[in-house]
Amino acid sequence: MKAFQPDVRRRCRPFALASLGIALLLGGCVQPNYGPTYYGGYQTRMTQTVQFGVVEGVRPVVIADRYNSGVGALTGAAIGGIAGSAIGQGRGAAIAAIGGALLGGLAGNAIEGQSAAQTGLEITVRLDSGRIVAITQGAGEPFYRGDRVRVLSAPDGSARISH
């Protein structure tokens, strides 16, 4: 039985690296949860102020983090560089690899930014005290105008609305 020829391994390497890059990119696409029933560990065991009120209005919004991990850009650059290096030979392959890495990095960064966005709700509530507050949170629970709700406010300034 014949062992793998070095040429075959060299031709398979870009596909293996591209597969690894795609796995890393998809791993960086995990969305944070901003829904009303999600609590981070740091939000437990603290006192929250509870106020009651009535929903005045609800509007859909997009919640997008400003933080990008960089995984998308790095993965895109790696895949783009590998794909670019397959074009041409010698100096042309080097230039194509650089161009592919730049374009791949930009594309990967954009994909990561879009994948982290999620739908949310901006909910305006007239509290029983007469004060009006608006809170934006993940769309994990439906709210309608006229719903009686409770507003939970934490000492760190975060708040959530629930039924």
# chains A, B, ... in the order shown; residues from 1 in each chain; ligands from 1
call {"tool": "residues_around", "arguments": {"residues": "A:Val133", "least_positions_apart": "2", "cutoff": "10 Å", "atoms": "only C-alpha atoms", "output": "PDB file with N, CA and C atoms, in the first residue's frame"}}
result
ATOM      1  N   GLY A  53     -46.507  48.508  36.881  1.00  0.00           N
ATOM      2  CA  GLY A  53     -47.009  49.506  35.951  1.00  0.00           C
ATOM      3  C   GLY A  53     -47.747  48.862  34.797  1.00  0.00           C
ATOM      4  N   VAL A  55     -47.965  48.676  30.438  1.00  0.00           N
ATOM      5  CA  VAL A  55     -47.239  48.896  29.191  1.00  0.00           C
ATOM      6  C   VAL A  55     -47.953  49.970  28.372  1.00  0.00           C
ATOM      7  N   GLU A  56     -47.218  51.006  28.010  1.00  0.00           N
ATOM      8  CA  GLU A  56     -47.737  52.087  27.173  1.00  0.00           C
ATOM      9  C   GLU A  56     -47.467  51.822  25.692  1.00  0.00           C
ATOM     10  N   ILE A 123     -39.677  48.543  25.512  1.00  0.00           N
ATOM     11  CA  ILE A 123     -40.976  48.534  26.183  1.00  0.00           C
ATOM     12  C   ILE A 123     -41.091  49.788  27.043  1.00  0.00           C
ATOM     13  N   THR A 124     -42.127  50.580  26.779  1.00  0.00           N
ATOM     14  CA  THR A 124     -42.380  51.789  27.563  1.00  0.00           C
ATOM     15  C   THR A 124     -43.463  51.478  28.585  1.00  0.00           C
ATOM     16  N   VAL A 125     -43.183  51.762  29.862  1.00  0.00           N
ATOM     17  CA  VAL A 125     -44.101  51.427  30.951  1.00  0.00           C
ATOM     18  C   VAL A 125     -44.404  52.678  31.765  1.00  0.00           C
ATOM     19  N   ARG A 126     -45.693  52.880  32.040  1.00  0.00           N
ATOM     20  CA  ARG A 126     -46.104  53.931  32.986  1.00  0.00           C
ATOM     21  C   ARG A 126     -46.234  53.258  34.345  1.00  0.00           C
ATOM     22  N   LEU A 127     -45.300  53.604  35.233  1.00  0.00           N
ATOM     23  CA  LEU A 127     -45.291  53.014  36.563  1.00  0.00           C
ATOM     24  C   LEU A 127     -46.465  53.531  37.382  1.00  0.00           C
ATOM     25  N   GLY A 130     -46.578  57.056  38.353  1.00  0.00           N
ATOM     26  CA  GLY A 130     -46.790  58.069  37.322  1.00  0.00           C
ATOM     27  C   GLY A 130     -45.563  58.276  36.442  1.00  0.00           C
ATOM     28  N   ARG A 131     -44.434  57.824  36.897  1.00  0.00           N
ATOM     29  CA  ARG A 131     -43.193  57.938  36.130  1.00  0.00           C
ATOM     30  C   ARG A 131     -43.231  57.004  34.925  1.00  0.00           C
ATOM     31  N   ILE A 135     -37.453  50.387  28.703  1.00  0.00           N
ATOM     32  CA  ILE A 135     -36.424  49.382  28.903  1.00  0.00           C
ATOM     33  C   ILE A 135     -36.322  48.543  27.639  1.00  0.00           C
ATOM     34  N   VAL A 151     -41.513  45.814  36.875  1.00  0.00           N
ATOM     35  CA  VAL A 151     -40.200  46.283  36.435  1.00  0.00           C
ATOM     36  C   VAL A 151     -39.229  46.005  37.571  1.00  0.00           C
TER      37      VAL A 151
END
call {"tool": "select_by_dssp", "arguments": {"residues": "stretch 54-144 of chain A", "states": "alpha helix (DSSP H)", "output": "number ranges by chain"}}
result
A: 71-85, 91-115
call {"tool": "write_last_selection", "arguments": {"atoms": "N, CA, C and O atoms", "output": "compact mmCIF listing (two decimals), in the first residue's frame"}}
result
# COMPACT_ATOMS: atom_id res chain seq x y z
N VAL A 71 -12.67 36.79 16.15
CA VAL A 71 -12.61 35.45 15.58
C VAL A 71 -13.06 35.48 14.12
O VAL A 71 -12.46 34.84 13.26
N GLY A 72 -14.10 36.25 13.82
CA GLY A 72 -14.58 36.34 12.44
C GLY A 72 -13.54 36.91 11.50
O GLY A 72 -13.31 36.38 10.41
N ALA A 73 -12.89 37.99 11.93
CA ALA A 73 -11.87 38.61 11.09
C ALA A 73 -10.67 37.69 10.89
O ALA A 73 -10.16 37.55 9.77
N LEU A 74 -10.22 37.05 11.96
CA LEU A 74 -9.07 36.15 11.86
C LEU A 74 -9.38 34.94 10.98
O LEU A 74 -8.57 34.55 10.13
N THR A 75 -10.55 34.37 11.18
CA THR A 75 -10.93 33.21 10.38
C THR A 75 -11.09 33.59 8.93
O THR A 75 -10.63 32.88 8.03
N GLY A 76 -11.76 34.71 8.69
CA GLY A 76 -11.93 35.18 7.30
C GLY A 76 -10.61 35.46 6.63
O GLY A 76 -10.40 35.13 5.46
N ALA A 77 -9.69 36.07 7.36
CA ALA A 77 -8.37 36.36 6.80
C ALA A 77 -7.61 35.07 6.47
O ALA A 77 -6.97 34.97 5.42
N ALA A 78 -7.72 34.09 7.36
CA ALA A 78 -7.03 32.81 7.10
C ALA A 78 -7.61 32.12 5.87
O ALA A 78 -6.86 31.67 4.99
N ILE A 79 -8.93 32.05 5.81
CA ILE A 79 -9.56 31.39 4.67
C ILE A 79 -9.28 32.16 3.38
O ILE A 79 -8.96 31.58 2.35
N GLY A 80 -9.38 33.48 3.44
CA GLY A 80 -9.10 34.31 2.26
C GLY A 80 -7.66 34.19 1.80
O GLY A 80 -7.37 34.13 0.60
N GLY A 81 -6.74 34.15 2.76
CA GLY A 81 -5.33 34.00 2.41
C GLY A 81 -5.03 32.66 1.76
O GLY A 81 -4.29 32.58 0.77
N ILE A 82 -5.63 31.61 2.29
CA ILE A 82 -5.44 30.28 1.72
C ILE A 82 -6.02 30.22 0.31
O ILE A 82 -5.39 29.72 -0.62
N ALA A 83 -7.24 30.74 0.18
CA ALA A 83 -7.87 30.72 -1.14
C ALA A 83 -7.09 31.57 -2.13
O ALA A 83 -6.90 31.18 -3.29
N GLY A 84 -6.60 32.72 -1.70
CA GLY A 84 -5.84 33.60 -2.58
C GLY A 84 -4.52 32.99 -3.01
O GLY A 84 -4.08 33.17 -4.15
N SER A 85 -3.90 32.25 -2.10
CA SER A 85 -2.59 31.66 -2.44
C SER A 85 -2.71 30.56 -3.48
O SER A 85 -1.72 30.20 -4.12
N ARG A 91 5.18 35.18 -7.29
CA ARG A 91 4.83 36.50 -6.80
C ARG A 91 3.32 36.78 -6.91
O ARG A 91 2.73 37.41 -6.04
N GLY A 92 2.70 36.29 -7.97
CA GLY A 92 1.25 36.46 -8.15
C GLY A 92 0.46 35.78 -7.05
O GLY A 92 -0.55 36.30 -6.57
N ALA A 93 0.91 34.59 -6.64
CA ALA A 93 0.23 33.86 -5.56
C ALA A 93 0.36 34.63 -4.24
O ALA A 93 -0.59 34.68 -3.45
N ALA A 94 1.51 35.24 -4.01
CA ALA A 94 1.72 36.01 -2.77
C ALA A 94 0.81 37.22 -2.73
O ALA A 94 0.20 37.53 -1.70
N ILE A 95 0.71 37.92 -3.85
CA ILE A 95 -0.16 39.11 -3.92
C ILE A 95 -1.62 38.69 -3.75
O ILE A 95 -2.39 39.34 -3.02
N ALA A 96 -2.02 37.59 -4.40
CA ALA A 96 -3.39 37.10 -4.28
C ALA A 96 -3.68 36.66 -2.85
O ALA A 96 -4.79 36.87 -2.34
N ALA A 97 -2.71 36.08 -2.17
CA ALA A 97 -2.89 35.65 -0.78
C ALA A 97 -3.12 36.86 0.13
O ALA A 97 -3.99 36.84 1.00
N ILE A 98 -2.35 37.92 -0.08
CA ILE A 98 -2.51 39.13 0.73
C ILE A 98 -3.88 39.75 0.48
O ILE A 98 -4.60 40.12 1.41
N GLY A 99 -4.25 39.86 -0.79
CA GLY A 99 -5.57 40.41 -1.14
C GLY A 99 -6.69 39.55 -0.58
O GLY A 99 -7.68 40.07 -0.04
N GLY A 100 -6.55 38.23 -0.67
CA GLY A 100 -7.56 37.33 -0.13
C GLY A 100 -7.68 37.45 1.37
O GLY A 100 -8.78 37.41 1.93
N ALA A 101 -6.55 37.61 2.04
CA ALA A 101 -6.57 37.75 3.50
C ALA A 101 -7.27 39.04 3.91
O ALA A 101 -8.06 39.06 4.85
N LEU A 102 -6.99 40.14 3.20
CA LEU A 102 -7.64 41.41 3.52
C LEU A 102 -9.15 41.34 3.31
O LEU A 102 -9.93 41.71 4.18
N LEU A 103 -9.55 40.85 2.14
CA LEU A 103 -10.99 40.75 1.85
C LEU A 103 -11.67 39.74 2.77
O LEU A 103 -12.78 39.99 3.24
N GLY A 104 -11.00 38.62 3.04
CA GLY A 104 -11.57 37.62 3.94
C GLY A 104 -11.73 38.16 5.36
O GLY A 104 -12.72 37.88 6.03
N GLY A 105 -10.75 38.93 5.83
CA GLY A 105 -10.84 39.53 7.16
C GLY A 105 -12.00 40.50 7.27
O GLY A 105 -12.74 40.50 8.25
N LEU A 106 -12.19 41.32 6.25
CA LEU A 106 -13.33 42.26 6.26
C LEU A 106 -14.65 41.51 6.25
O LEU A 106 -15.58 41.85 6.98
N ALA A 107 -14.74 40.49 5.38
CA ALA A 107 -15.98 39.72 5.29
C ALA A 107 -16.26 38.98 6.61
O ALA A 107 -17.39 38.96 7.10
N GLY A 108 -15.23 38.36 7.18
CA GLY A 108 -15.40 37.64 8.44
C GLY A 108 -15.84 38.54 9.58
O GLY A 108 -16.69 38.17 10.39
N ASN A 109 -15.30 39.73 9.64
CA ASN A 109 -15.69 40.70 10.66
C ASN A 109 -17.15 41.10 10.50
O ASN A 109 -17.90 41.20 11.47
N ALA A 110 -17.58 41.34 9.26
CA ALA A 110 -18.97 41.71 9.00
C ALA A 110 -19.92 40.56 9.36
O ALA A 110 -20.98 40.79 9.95
N ILE A 111 -19.53 39.34 9.04
CA ILE A 111 -20.38 38.19 9.36
C ILE A 111 -20.51 38.03 10.87
O ILE A 111 -21.61 37.80 11.39
N GLU A 112 -19.41 38.19 11.59
CA GLU A 112 -19.48 38.07 13.05
C GLU A 112 -20.38 39.15 13.64
O GLU A 112 -21.17 38.89 14.54
N GLY A 113 -20.28 40.37 13.13
CA GLY A 113 -21.11 41.45 13.64
C GLY A 113 -22.59 41.20 13.43
O GLY A 113 -23.41 41.45 14.30
N GLN A 114 -22.95 40.67 12.26
CA GLN A 114 -24.35 40.38 11.98
C GLN A 114 -24.86 39.19 12.78
O GLN A 114 -26.01 39.17 13.18
N SER A 115 -24.02 38.21 13.00
CA SER A 115 -24.47 37.01 13.71
C SER A 115 -24.71 37.29 15.19
O SER A 115 -25.46 36.57 15.84
call {"tool": "closest_residue", "arguments": {"among": "A:Ile161, A:Ala134, A:Leu121, A:Ala154", "to": "A:Val61", "atoms": "only C-alpha atoms"}}
result
A:Leu121
call {"tool": "atom_distance", "arguments": {"atom1": "atom CA of A:Ile132", "atom2": "atom CA of A:Met46"}}
result
24.4 Å
call {"tool": "atom_distance", "arguments": {"atom1": "atom CA of A:Gly140", "atom2": "atom CA of A:Val50"}}
result
19.6 Å
call {"tool": "atom_distance", "arguments": {"atom1": "atom CA of A:Glu122", "atom2": "atom CA of A:Arg160"}}
result
10.7 Å
